[in-house]
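Student: My structure file model_25.txt, compact mmCIF, N, CA and C atoms, is below:
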```txt
# COMPACT_ATOMS: atom_id res chain seq x y z
N MET A 1 36.45 -16.37 -18.03
CA MET A 1 35.19 -16.66 -17.39
C MET A 1 35.06 -15.88 -16.09
N GLY A 2 36.14 -15.69 -15.37
CA GLY A 2 36.11 -14.93 -14.12
C GLY A 2 35.66 -13.50 -14.34
N LYS A 3 36.10 -12.93 -15.47
CA LYS A 3 35.71 -11.56 -15.80
C LYS A 3 34.20 -11.47 -16.03
N SER A 4 33.65 -12.46 -16.71
CA SER A 4 32.20 -12.48 -16.99
C SER A 4 31.40 -12.61 -15.70
N VAL A 5 31.86 -13.43 -14.79
CA VAL A 5 31.17 -13.61 -13.51
C VAL A 5 31.21 -12.31 -12.71
N ASN A 6 32.37 -11.65 -12.70
CA ASN A 6 32.48 -10.38 -11.99
C ASN A 6 31.56 -9.32 -12.60
N GLU A 7 31.50 -9.29 -13.92
CA GLU A 7 30.63 -8.33 -14.61
C GLU A 7 29.16 -8.62 -14.28
N LEU A 8 28.81 -9.88 -14.27
CA LEU A 8 27.44 -10.26 -13.92
C LEU A 8 27.10 -9.83 -12.49
N ALA A 9 28.03 -10.06 -11.58
CA ALA A 9 27.81 -9.67 -10.18
C ALA A 9 27.64 -8.16 -10.06
N ARG A 10 28.45 -7.38 -10.77
CA ARG A 10 28.32 -5.91 -10.75
C ARG A 10 26.98 -5.47 -11.33
N THR A 11 26.59 -6.09 -12.42
CA THR A 11 25.32 -5.74 -13.07
C THR A 11 24.15 -6.05 -12.14
N ARG A 12 24.17 -7.21 -11.52
CA ARG A 12 23.09 -7.58 -10.60
C ARG A 12 23.05 -6.65 -9.40
N ALA A 13 24.20 -6.26 -8.89
CA ALA A 13 24.24 -5.33 -7.76
C ALA A 13 23.66 -3.98 -8.16
N LYS A 14 24.01 -3.52 -9.35
CA LYS A 14 23.49 -2.24 -9.85
C LYS A 14 21.97 -2.31 -10.02
N GLU A 15 21.49 -3.39 -10.61
CA GLU A 15 20.05 -3.58 -10.78
C GLU A 15 19.34 -3.66 -9.43
N GLY A 16 19.97 -4.34 -8.48
CA GLY A 16 19.40 -4.46 -7.14
C GLY A 16 19.25 -3.12 -6.46
N LYS A 17 20.26 -2.27 -6.59
CA LYS A 17 20.19 -0.94 -5.99
C LYS A 17 19.08 -0.11 -6.63
N ALA A 18 18.98 -0.18 -7.95
CA ALA A 18 17.94 0.57 -8.67
C ALA A 18 16.55 0.06 -8.26
N LEU A 19 16.41 -1.23 -8.12
CA LEU A 19 15.14 -1.81 -7.72
C LEU A 19 14.79 -1.41 -6.29
N PHE A 20 15.78 -1.39 -5.42
CA PHE A 20 15.57 -0.96 -4.03
C PHE A 20 15.04 0.47 -4.00
N VAL A 21 15.66 1.36 -4.75
CA VAL A 21 15.23 2.76 -4.81
C VAL A 21 13.81 2.86 -5.35
N PHE A 22 13.53 2.13 -6.41
CA PHE A 22 12.19 2.12 -7.00
C PHE A 22 11.14 1.69 -5.97
N LEU A 23 11.40 0.58 -5.30
CA LEU A 23 10.43 0.04 -4.33
C LEU A 23 10.29 0.95 -3.12
N LYS A 24 11.38 1.51 -2.67
CA LYS A 24 11.34 2.41 -1.52
C LYS A 24 10.49 3.65 -1.85
N ARG A 25 10.69 4.20 -3.04
CA ARG A 25 9.90 5.37 -3.46
C ARG A 25 8.42 5.04 -3.57
N ARG A 26 8.13 3.88 -4.12
CA ARG A 26 6.72 3.48 -4.25
C ARG A 26 6.09 3.31 -2.87
N ALA A 27 6.80 2.69 -1.95
CA ALA A 27 6.28 2.50 -0.59
C ALA A 27 6.05 3.86 0.09
N GLN A 28 6.97 4.78 -0.09
CA GLN A 28 6.82 6.12 0.49
C GLN A 28 5.61 6.83 -0.13
N GLY A 29 5.44 6.68 -1.42
CA GLY A 29 4.29 7.28 -2.09
C GLY A 29 2.97 6.71 -1.57
N LEU A 30 2.94 5.39 -1.35
CA LEU A 30 1.75 4.77 -0.78
C LEU A 30 1.45 5.32 0.61
N LYS A 31 2.49 5.46 1.40
CA LYS A 31 2.33 6.00 2.75
C LYS A 31 1.74 7.41 2.71
N GLU A 32 2.25 8.24 1.81
CA GLU A 32 1.75 9.61 1.68
C GLU A 32 0.30 9.64 1.22
N GLN A 33 -0.03 8.81 0.24
CA GLN A 33 -1.42 8.75 -0.23
C GLN A 33 -2.35 8.28 0.88
N LEU A 34 -1.91 7.31 1.65
CA LEU A 34 -2.74 6.78 2.73
C LEU A 34 -2.99 7.82 3.81
N GLU A 35 -2.00 8.65 4.09
CA GLU A 35 -2.20 9.73 5.07
C GLU A 35 -3.25 10.72 4.59
N ILE A 36 -3.24 11.03 3.31
CA ILE A 36 -4.25 11.93 2.73
C ILE A 36 -5.63 11.28 2.84
N ILE A 37 -5.71 10.00 2.52
CA ILE A 37 -6.97 9.27 2.61
C ILE A 37 -7.47 9.26 4.05
N LYS A 38 -6.57 9.01 4.98
CA LYS A 38 -6.94 8.95 6.40
C LYS A 38 -7.54 10.28 6.86
N THR A 39 -6.90 11.37 6.50
CA THR A 39 -7.38 12.70 6.87
C THR A 39 -8.74 12.97 6.22
N ARG A 40 -8.85 12.68 4.95
CA ARG A 40 -10.10 12.90 4.22
C ARG A 40 -11.22 12.04 4.80
N ASN A 41 -10.91 10.80 5.11
CA ASN A 41 -11.91 9.89 5.65
C ASN A 41 -12.46 10.38 6.99
N LYS A 42 -11.59 10.89 7.84
CA LYS A 42 -12.04 11.42 9.13
C LYS A 42 -13.03 12.56 8.93
N LYS A 43 -12.69 13.44 7.99
CA LYS A 43 -13.55 14.60 7.73
C LYS A 43 -14.91 14.19 7.19
N ILE A 44 -14.92 13.32 6.18
CA ILE A 44 -16.20 12.95 5.59
C ILE A 44 -17.06 12.13 6.55
N THR A 45 -16.41 11.31 7.37
CA THR A 45 -17.16 10.53 8.36
C THR A 45 -17.79 11.45 9.39
N LYS A 46 -17.02 12.39 9.87
CA LYS A 46 -17.53 13.36 10.86
C LYS A 46 -18.69 14.16 10.27
N ASP A 47 -18.53 14.64 9.05
CA ASP A 47 -19.58 15.42 8.39
C ASP A 47 -20.85 14.60 8.21
N LYS A 48 -20.69 13.37 7.76
CA LYS A 48 -21.86 12.50 7.53
C LYS A 48 -22.56 12.16 8.85
N LEU A 49 -21.78 11.84 9.87
CA LEU A 49 -22.38 11.48 11.16
C LEU A 49 -23.16 12.65 11.76
N SER A 50 -22.67 13.85 11.57
CA SER A 50 -23.37 15.00 12.14
C SER A 50 -24.73 15.22 11.47
N GLY A 51 -24.91 14.71 10.27
CA GLY A 51 -26.18 14.86 9.57
C GLY A 51 -27.19 13.76 9.86
N LEU A 52 -26.77 12.73 10.56
CA LEU A 52 -27.68 11.63 10.88
C LEU A 52 -28.40 11.91 12.19
N GLN A 53 -29.66 11.49 12.25
CA GLN A 53 -30.52 11.86 13.38
C GLN A 53 -30.46 10.91 14.57
N THR A 54 -30.38 9.64 14.32
CA THR A 54 -30.49 8.67 15.42
C THR A 54 -29.20 7.86 15.56
N ASP A 55 -29.08 7.24 16.72
CA ASP A 55 -27.94 6.35 16.96
C ASP A 55 -27.99 5.15 16.01
N ASP A 56 -29.18 4.67 15.71
CA ASP A 56 -29.31 3.54 14.78
C ASP A 56 -28.77 3.90 13.40
N GLU A 57 -29.10 5.11 12.94
CA GLU A 57 -28.60 5.56 11.65
C GLU A 57 -27.08 5.68 11.67
N ARG A 58 -26.54 6.22 12.76
CA ARG A 58 -25.09 6.38 12.88
C ARG A 58 -24.39 5.02 12.90
N CYS A 59 -24.97 4.09 13.67
CA CYS A 59 -24.38 2.75 13.75
C CYS A 59 -24.41 2.05 12.40
N ALA A 60 -25.51 2.14 11.70
CA ALA A 60 -25.63 1.51 10.38
C ALA A 60 -24.63 2.12 9.41
N PHE A 61 -24.51 3.44 9.45
CA PHE A 61 -23.55 4.12 8.57
C PHE A 61 -22.13 3.65 8.86
N LEU A 62 -21.75 3.64 10.12
CA LEU A 62 -20.40 3.24 10.49
C LEU A 62 -20.12 1.78 10.16
N LYS A 63 -21.12 0.94 10.36
CA LYS A 63 -20.95 -0.48 10.07
C LYS A 63 -20.63 -0.71 8.59
N ASP A 64 -21.31 0.02 7.74
CA ASP A 64 -21.16 -0.20 6.30
C ASP A 64 -19.99 0.56 5.67
N THR A 65 -19.57 1.66 6.28
CA THR A 65 -18.59 2.52 5.59
C THR A 65 -17.32 2.79 6.37
N ASN A 66 -17.20 2.29 7.58
CA ASN A 66 -16.00 2.55 8.38
C ASN A 66 -14.81 1.81 7.77
N VAL A 67 -13.81 2.56 7.35
CA VAL A 67 -12.64 1.98 6.71
C VAL A 67 -11.37 2.14 7.56
N SER A 68 -11.54 2.50 8.81
CA SER A 68 -10.36 2.74 9.66
C SER A 68 -9.52 1.47 9.82
N GLU A 69 -10.17 0.32 9.91
CA GLU A 69 -9.40 -0.93 10.02
C GLU A 69 -8.56 -1.17 8.77
N GLU A 70 -9.16 -0.96 7.62
CA GLU A 70 -8.44 -1.16 6.36
C GLU A 70 -7.27 -0.19 6.25
N ILE A 71 -7.49 1.04 6.66
CA ILE A 71 -6.43 2.05 6.63
C ILE A 71 -5.28 1.64 7.54
N GLU A 72 -5.61 1.18 8.75
CA GLU A 72 -4.57 0.78 9.69
C GLU A 72 -3.82 -0.46 9.21
N ARG A 73 -4.54 -1.42 8.65
CA ARG A 73 -3.86 -2.63 8.14
C ARG A 73 -2.98 -2.30 6.93
N LEU A 74 -3.47 -1.43 6.08
CA LEU A 74 -2.68 -1.02 4.92
C LEU A 74 -1.42 -0.29 5.37
N ALA A 75 -1.55 0.58 6.38
CA ALA A 75 -0.39 1.29 6.93
C ALA A 75 0.62 0.28 7.50
N PHE A 76 0.11 -0.73 8.20
CA PHE A 76 0.98 -1.77 8.75
C PHE A 76 1.74 -2.49 7.64
N HIS A 77 1.03 -2.86 6.59
CA HIS A 77 1.66 -3.59 5.48
C HIS A 77 2.72 -2.73 4.79
N ILE A 78 2.45 -1.45 4.65
CA ILE A 78 3.44 -0.55 4.03
C ILE A 78 4.69 -0.46 4.90
N ARG A 79 4.50 -0.32 6.21
CA ARG A 79 5.66 -0.29 7.12
C ARG A 79 6.42 -1.61 7.07
N ASN A 80 5.70 -2.71 7.07
CA ASN A 80 6.31 -4.03 7.02
C ASN A 80 7.10 -4.21 5.72
N PHE A 81 6.52 -3.77 4.62
CA PHE A 81 7.18 -3.85 3.32
C PHE A 81 8.49 -3.07 3.34
N SER A 82 8.43 -1.84 3.85
CA SER A 82 9.64 -1.00 3.92
C SER A 82 10.70 -1.64 4.81
N GLY A 83 10.27 -2.24 5.89
CA GLY A 83 11.21 -2.92 6.79
C GLY A 83 11.88 -4.11 6.14
N LYS A 84 11.10 -4.88 5.40
CA LYS A 84 11.66 -6.06 4.71
C LYS A 84 12.64 -5.65 3.61
N LEU A 85 12.38 -4.51 2.98
CA LEU A 85 13.30 -4.03 1.94
C LEU A 85 14.71 -3.82 2.48
N ALA A 86 14.79 -3.38 3.71
CA ALA A 86 16.08 -3.05 4.31
C ALA A 86 16.86 -4.29 4.75
N LYS A 87 16.21 -5.44 4.77
CA LYS A 87 16.89 -6.66 5.23
C LYS A 87 17.67 -7.32 4.12
N ALA A 88 18.75 -7.95 4.52
CA ALA A 88 19.56 -8.71 3.56
C ALA A 88 18.96 -10.11 3.41
N GLY A 89 19.29 -10.75 2.33
CA GLY A 89 18.84 -12.12 2.14
C GLY A 89 17.68 -12.21 1.18
N SER A 90 17.13 -13.39 1.09
CA SER A 90 16.02 -13.67 0.18
C SER A 90 14.71 -13.17 0.77
N VAL A 91 14.19 -12.10 0.22
CA VAL A 91 12.94 -11.52 0.73
C VAL A 91 11.88 -11.39 -0.37
N GLY A 92 12.17 -11.85 -1.56
CA GLY A 92 11.27 -11.68 -2.68
C GLY A 92 9.87 -12.22 -2.44
N LYS A 93 9.79 -13.46 -1.94
CA LYS A 93 8.48 -14.07 -1.70
C LYS A 93 7.72 -13.33 -0.60
N GLU A 94 8.43 -12.90 0.43
CA GLU A 94 7.78 -12.14 1.50
C GLU A 94 7.25 -10.80 0.99
N LEU A 95 8.07 -10.12 0.19
CA LEU A 95 7.63 -8.84 -0.37
C LEU A 95 6.43 -9.01 -1.28
N ASP A 96 6.41 -10.08 -2.05
CA ASP A 96 5.28 -10.36 -2.93
C ASP A 96 4.03 -10.61 -2.09
N PHE A 97 4.15 -11.37 -1.03
CA PHE A 97 3.00 -11.65 -0.16
C PHE A 97 2.49 -10.36 0.48
N ILE A 98 3.40 -9.52 0.96
CA ILE A 98 2.99 -8.25 1.58
C ILE A 98 2.29 -7.36 0.55
N ALA A 99 2.82 -7.31 -0.66
CA ALA A 99 2.20 -6.51 -1.72
C ALA A 99 0.80 -7.05 -2.03
N GLN A 100 0.66 -8.35 -2.01
CA GLN A 100 -0.66 -8.96 -2.24
C GLN A 100 -1.63 -8.54 -1.14
N GLU A 101 -1.16 -8.52 0.10
CA GLU A 101 -2.00 -8.08 1.22
C GLU A 101 -2.35 -6.60 1.10
N MET A 102 -1.41 -5.79 0.64
CA MET A 102 -1.70 -4.37 0.42
C MET A 102 -2.80 -4.22 -0.63
N GLN A 103 -2.70 -5.00 -1.69
CA GLN A 103 -3.71 -4.95 -2.74
C GLN A 103 -5.09 -5.35 -2.21
N ARG A 104 -5.11 -6.35 -1.38
CA ARG A 104 -6.38 -6.82 -0.79
C ARG A 104 -7.01 -5.72 0.07
N GLU A 105 -6.22 -5.07 0.91
CA GLU A 105 -6.75 -4.00 1.75
C GLU A 105 -7.20 -2.81 0.92
N ALA A 106 -6.46 -2.49 -0.13
CA ALA A 106 -6.85 -1.39 -1.02
C ALA A 106 -8.17 -1.70 -1.71
N ASN A 107 -8.36 -2.94 -2.12
CA ASN A 107 -9.62 -3.34 -2.75
C ASN A 107 -10.79 -3.17 -1.79
N THR A 108 -10.61 -3.59 -0.55
CA THR A 108 -11.67 -3.45 0.44
C THR A 108 -11.95 -1.99 0.72
N LEU A 109 -10.90 -1.21 0.84
CA LEU A 109 -11.04 0.23 1.06
C LEU A 109 -11.83 0.87 -0.07
N ALA A 110 -11.52 0.51 -1.29
CA ALA A 110 -12.23 1.07 -2.45
C ALA A 110 -13.71 0.67 -2.43
N ALA A 111 -13.98 -0.55 -2.04
CA ALA A 111 -15.36 -1.04 -2.04
C ALA A 111 -16.22 -0.37 -0.96
N LYS A 112 -15.60 0.01 0.15
CA LYS A 112 -16.37 0.55 1.27
C LYS A 112 -16.50 2.07 1.28
N THR A 113 -15.64 2.76 0.57
CA THR A 113 -15.67 4.21 0.64
C THR A 113 -16.81 4.79 -0.20
N LEU A 114 -17.34 5.91 0.28
CA LEU A 114 -18.41 6.60 -0.43
C LEU A 114 -17.93 7.88 -1.10
N ASP A 115 -16.67 8.21 -0.89
CA ASP A 115 -16.13 9.48 -1.36
C ASP A 115 -15.36 9.28 -2.66
N THR A 116 -15.67 10.10 -3.66
CA THR A 116 -15.01 9.95 -4.96
C THR A 116 -13.53 10.31 -4.90
N GLN A 117 -13.17 11.28 -4.05
CA GLN A 117 -11.76 11.65 -3.93
C GLN A 117 -10.95 10.50 -3.33
N VAL A 118 -11.51 9.86 -2.32
CA VAL A 118 -10.84 8.72 -1.71
C VAL A 118 -10.74 7.59 -2.73
N SER A 119 -11.83 7.34 -3.45
CA SER A 119 -11.83 6.28 -4.47
C SER A 119 -10.74 6.52 -5.51
N ALA A 120 -10.61 7.76 -5.95
CA ALA A 120 -9.59 8.08 -6.95
C ALA A 120 -8.19 7.83 -6.41
N ARG A 121 -7.95 8.20 -5.18
CA ARG A 121 -6.63 7.95 -4.58
C ARG A 121 -6.36 6.46 -4.40
N VAL A 122 -7.38 5.72 -4.03
CA VAL A 122 -7.21 4.28 -3.87
C VAL A 122 -6.88 3.63 -5.21
N VAL A 123 -7.51 4.08 -6.27
CA VAL A 123 -7.20 3.56 -7.61
C VAL A 123 -5.73 3.83 -7.95
N GLN A 124 -5.25 5.03 -7.62
CA GLN A 124 -3.84 5.35 -7.85
C GLN A 124 -2.94 4.43 -7.02
N MET A 125 -3.34 4.19 -5.76
CA MET A 125 -2.55 3.32 -4.89
C MET A 125 -2.52 1.89 -5.45
N LYS A 126 -3.66 1.42 -5.92
CA LYS A 126 -3.72 0.07 -6.47
C LYS A 126 -2.79 -0.07 -7.68
N SER A 127 -2.73 0.97 -8.49
CA SER A 127 -1.81 0.96 -9.63
C SER A 127 -0.37 0.88 -9.17
N GLN A 128 -0.02 1.62 -8.14
CA GLN A 128 1.35 1.59 -7.61
C GLN A 128 1.67 0.23 -6.98
N ILE A 129 0.70 -0.33 -6.29
CA ILE A 129 0.91 -1.65 -5.68
C ILE A 129 1.13 -2.69 -6.77
N GLU A 130 0.40 -2.59 -7.85
CA GLU A 130 0.58 -3.53 -8.96
C GLU A 130 1.98 -3.40 -9.57
N LYS A 131 2.47 -2.18 -9.67
CA LYS A 131 3.84 -1.97 -10.17
C LYS A 131 4.85 -2.59 -9.21
N ILE A 132 4.59 -2.45 -7.93
CA ILE A 132 5.46 -3.07 -6.91
C ILE A 132 5.44 -4.58 -7.08
N ARG A 133 4.26 -5.14 -7.22
CA ARG A 133 4.15 -6.61 -7.36
C ARG A 133 4.91 -7.11 -8.57
N GLU A 134 4.83 -6.39 -9.67
CA GLU A 134 5.55 -6.80 -10.87
C GLU A 134 7.05 -6.83 -10.62
N GLN A 135 7.56 -5.88 -9.87
CA GLN A 135 8.99 -5.80 -9.62
C GLN A 135 9.47 -6.81 -8.57
N VAL A 136 8.70 -7.01 -7.51
CA VAL A 136 9.17 -7.91 -6.45
C VAL A 136 9.20 -9.35 -6.93
N GLN A 137 8.47 -9.67 -7.98
CA GLN A 137 8.53 -11.01 -8.51
C GLN A 137 9.88 -11.31 -9.18
N ASN A 138 10.69 -10.27 -9.38
CA ASN A 138 12.04 -10.44 -9.92
C ASN A 138 13.10 -10.57 -8.83
N ILE A 139 12.68 -10.51 -7.57
CA ILE A 139 13.62 -10.57 -6.46
C ILE A 139 13.67 -11.98 -5.92
N GLU A 140 14.86 -12.43 -5.58
CA GLU A 140 15.02 -13.78 -5.00
C GLU A 140 14.63 -13.77 -3.55
```
The structure given in the file should be rewritten as structure tokens.
Tutor:
Amino acid sequence: MGKSVNELARTRAKEGKALFVFLKRRAQGLKEQLEIIKTRNKKITKDKLSGLQTDDERCAFLKDTNVSEEIERLAFHIRNFSGKLAKAGSVGKELDFIAQEMQREANTLAAKTLDTQVSARVVQMKSQIEKIREQVQNIE
């Protein structure tokens, strides 16, 4: 029986390391995608604002389409997720909650953006976040 317990412990450790690598890569990928979105968003916002004539038009445009808050919150959640991954102990529920928050911010970002390139990247991010959520539900 001792041999079986040791084998189980080795298998779980191996699976844990593989899962850590998987989640770390996904978080890094999200970070990279978000940086591209951030850069693209700045450009399209600047271009659109330069074409508007009045301050009222600019304010209305920014009110309806400004996604900088969502981008910053999503960046925070990605950093927080990566930080929690590095901690020892039971972090599964926390990681699941953070992934849920990332999904929420990505949904809002997708709803507010007017750019098809940004929308496409957000859809890719949402797919990656969903893969993360599926995996973190296996963590204690």
Student: Can you tell me which residues surround range 72-84 of chain A at a distance of at most 10 Å, considering only C-alpha atoms, apart from same-chain residues fewer than 6 positions away, and format the answer as a ChimeraX atom specification?
Tutor: /A:20,23-31,34-35,38,90-92,94-106,109
Student: Would you work out the distance separating CA of Lys48 in chain A from CA of Ser127 in chain A, expressed in Å to one decimal?
Tutor: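 Between CA of Lys48 in chain A and CA of Ser127 in chain A the gap works out to 28.8 Å.
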Student: The residues within 7 Å of (-23.2, 6.7, 9.0), using only C-alpha atoms and the coordinates of the file, should be reported as number ranges by chain; which are they?
Tutor: A: 48-49, 52, 57-62
Student: List as a list in words the protein and nucleic acid residues near Ala111 in chain A, meaning an atom at most 12 Å away when only C-alpha atoms are counted, but skip any in the same chain fewer than 5 places from it.
Tutor: Asp64, Thr65, Asn66, Val67, Glu70, Arg104, Glu105, Ala106, Thr116, Val118, Ser119, Ala120, Val122 and Val123 of chain A
Student: Just the number, please: distance in Å from CA of Met125 in chain A to atom N of Ser68 in chain A, one decimal.
Tutor: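 A separation of 16.4 Å between them.
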Student: What box, with edges along x, y and z, holds each listed atom of range 32-40 of chain A when 8 Å is added on every side, and can you state its centre and edge lengths in Å to one decimal, as lines of an AutoDock Vina configuration file?
Tutor:
```
center_x = -4.5
center_y = 9.9
center_z = 3.3
size_x = 29.5
size_y = 22.2
size_z = 23.1
```
Student: Could you tell me how far atom N of Glu134 in chain A sits from atom N of Ala88 in chain A, in Å to one decimal place?
Tutor: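 Taking atom N of Ala88 in chain A and atom N of Glu134 in chain A, their separation equals 19.9 Å.
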